[in-house]
Amino acid sequence: MSRRNRGVMSESLKYELARELGVADTVAKEGWGGVSSRNCGNLVRLAIERAEKALMEANNSGGLNK
């Protein structure tokens, strides 16, 4: 499967995370290729934290079938 077809995160979420981490200006000026590897890792870490939190909240509210 090519990378282009694996769009796991929406574009709006990517930009929201970029704004939160302070790299949105870099993305706007240089594109995603201008973001450092460290900041890309931080974006992924933040996305995982949010996903885990959403899963825990869904699980606690009975939103997931077991």
# chains A, B, ... in the order shown; residues from 1 in each chain; ligands from 1
>>> residues_around(residues="stretch 17-31 of chain A", least_positions_apart="2", cutoff="10 Å", atoms="only C-alpha atoms", output="PyMOL selection string")
chain A and resi 11-15+33-36+39-40+42-44+46-47
>>> select_by_dssp(residues="chain A", states="helix (DSSP H, G or I)", output="MDAnalysis selection string")
chainID A and resid 3:5 11:21 24:30 32:34 37:60
>>> decode(residues="stretch 42-53 of chain A", atoms="all heavy atoms", output="short mmCIF file (atom, residue, chain, number, x, y, z; two decimals), in the first residue's frame")
data_model
loop_
_atom_site.label_atom_id
_atom_site.label_comp_id
_atom_site.auth_asym_id
_atom_site.auth_seq_id
_atom_site.Cartn_x
_atom_site.Cartn_y
_atom_site.Cartn_z
N ASN A 42 6.89 14.82 17.45
CA ASN A 42 6.01 15.41 18.46
C ASN A 42 4.56 15.46 17.97
O ASN A 42 3.63 15.26 18.75
CB ASN A 42 6.48 16.82 18.83
CG ASN A 42 7.75 16.79 19.64
OD1 ASN A 42 8.06 15.82 20.31
ND2 ASN A 42 8.51 17.87 19.57
N LEU A 43 4.37 15.71 16.67
CA LEU A 43 3.02 15.70 16.11
C LEU A 43 2.40 14.32 16.21
O LEU A 43 1.23 14.17 16.60
CB LEU A 43 3.06 16.14 14.64
CG LEU A 43 3.31 17.62 14.37
CD1 LEU A 43 3.66 17.84 12.91
CD2 LEU A 43 2.09 18.43 14.74
N VAL A 44 3.18 13.30 15.90
CA VAL A 44 2.69 11.92 15.98
C VAL A 44 2.36 11.57 17.44
O VAL A 44 1.32 10.99 17.73
CB VAL A 44 3.71 10.93 15.38
CG1 VAL A 44 3.31 9.50 15.66
CG2 VAL A 44 3.86 11.18 13.90
N ARG A 45 3.26 11.93 18.34
CA ARG A 45 3.04 11.64 19.76
C ARG A 45 1.75 12.28 20.26
O ARG A 45 0.94 11.64 20.93
CB ARG A 45 4.22 12.14 20.60
CG ARG A 45 4.07 11.87 22.10
CD ARG A 45 5.22 12.47 22.91
NE ARG A 45 5.55 13.84 22.57
CZ ARG A 45 4.87 14.92 22.96
NH1 ARG A 45 3.80 14.79 23.71
NH2 ARG A 45 5.25 16.13 22.61
N LEU A 46 1.54 13.53 19.89
CA LEU A 46 0.34 14.24 20.30
C LEU A 46 -0.92 13.60 19.71
O LEU A 46 -1.93 13.45 20.39
CB LEU A 46 0.43 15.71 19.90
CG LEU A 46 -0.66 16.64 20.41
CD1 LEU A 46 -0.78 16.60 21.92
CD2 LEU A 46 -0.38 18.05 19.94
N ALA A 47 -0.84 13.18 18.45
CA ALA A 47 -1.98 12.52 17.81
C ALA A 47 -2.30 11.20 18.51
O ALA A 47 -3.48 10.88 18.74
CB ALA A 47 -1.68 12.28 16.34
N ILE A 48 -1.27 10.45 18.89
CA ILE A 48 -1.49 9.19 19.60
C ILE A 48 -2.11 9.44 20.96
O ILE A 48 -3.04 8.74 21.37
CB ILE A 48 -0.17 8.40 19.73
CG1 ILE A 48 0.26 7.90 18.35
CG2 ILE A 48 -0.30 7.25 20.71
CD1 ILE A 48 1.68 7.34 18.30
N GLU A 49 -1.63 10.45 21.67
CA GLU A 49 -2.19 10.79 22.98
C GLU A 49 -3.67 11.13 22.86
O GLU A 49 -4.49 10.69 23.67
CB GLU A 49 -1.44 11.96 23.61
CG GLU A 49 -0.07 11.61 24.11
CD GLU A 49 0.71 12.81 24.60
OE1 GLU A 49 0.17 13.95 24.58
OE2 GLU A 49 1.87 12.63 25.00
N ARG A 50 -4.02 11.89 21.84
CA ARG A 50 -5.42 12.25 21.63
C ARG A 50 -6.27 11.03 21.30
O ARG A 50 -7.39 10.88 21.80
CB ARG A 50 -5.57 13.27 20.52
CG ARG A 50 -5.15 14.63 20.94
CD ARG A 50 -5.70 15.63 19.99
NE ARG A 50 -5.29 16.96 20.35
CZ ARG A 50 -5.67 18.03 19.72
NH1 ARG A 50 -6.45 17.92 18.68
NH2 ARG A 50 -5.26 19.21 20.10
N ALA A 51 -5.75 10.15 20.46
CA ALA A 51 -6.48 8.94 20.09
C ALA A 51 -6.69 8.05 21.30
O ALA A 51 -7.79 7.51 21.51
CB ALA A 51 -5.75 8.19 18.99
N GLU A 52 -5.66 7.89 22.12
CA GLU A 52 -5.78 7.07 23.33
C GLU A 52 -6.81 7.66 24.29
O GLU A 52 -7.61 6.94 24.87
CB GLU A 52 -4.43 6.92 24.02
CG GLU A 52 -3.47 6.02 23.27
CD GLU A 52 -2.09 5.97 23.90
OE1 GLU A 52 -1.72 6.90 24.67
OE2 GLU A 52 -1.36 5.02 23.59
N LYS A 53 -6.78 8.98 24.43
CA LYS A 53 -7.74 9.65 25.31
C LYS A 53 -9.16 9.45 24.81
O LYS A 53 -10.07 9.15 25.58
CB LYS A 53 -7.42 11.14 25.40
CG LYS A 53 -8.33 11.91 26.32
CD LYS A 53 -7.96 13.37 26.36
CE LYS A 53 -8.94 14.14 27.22
NZ LYS A 53 -8.69 15.57 27.19
#
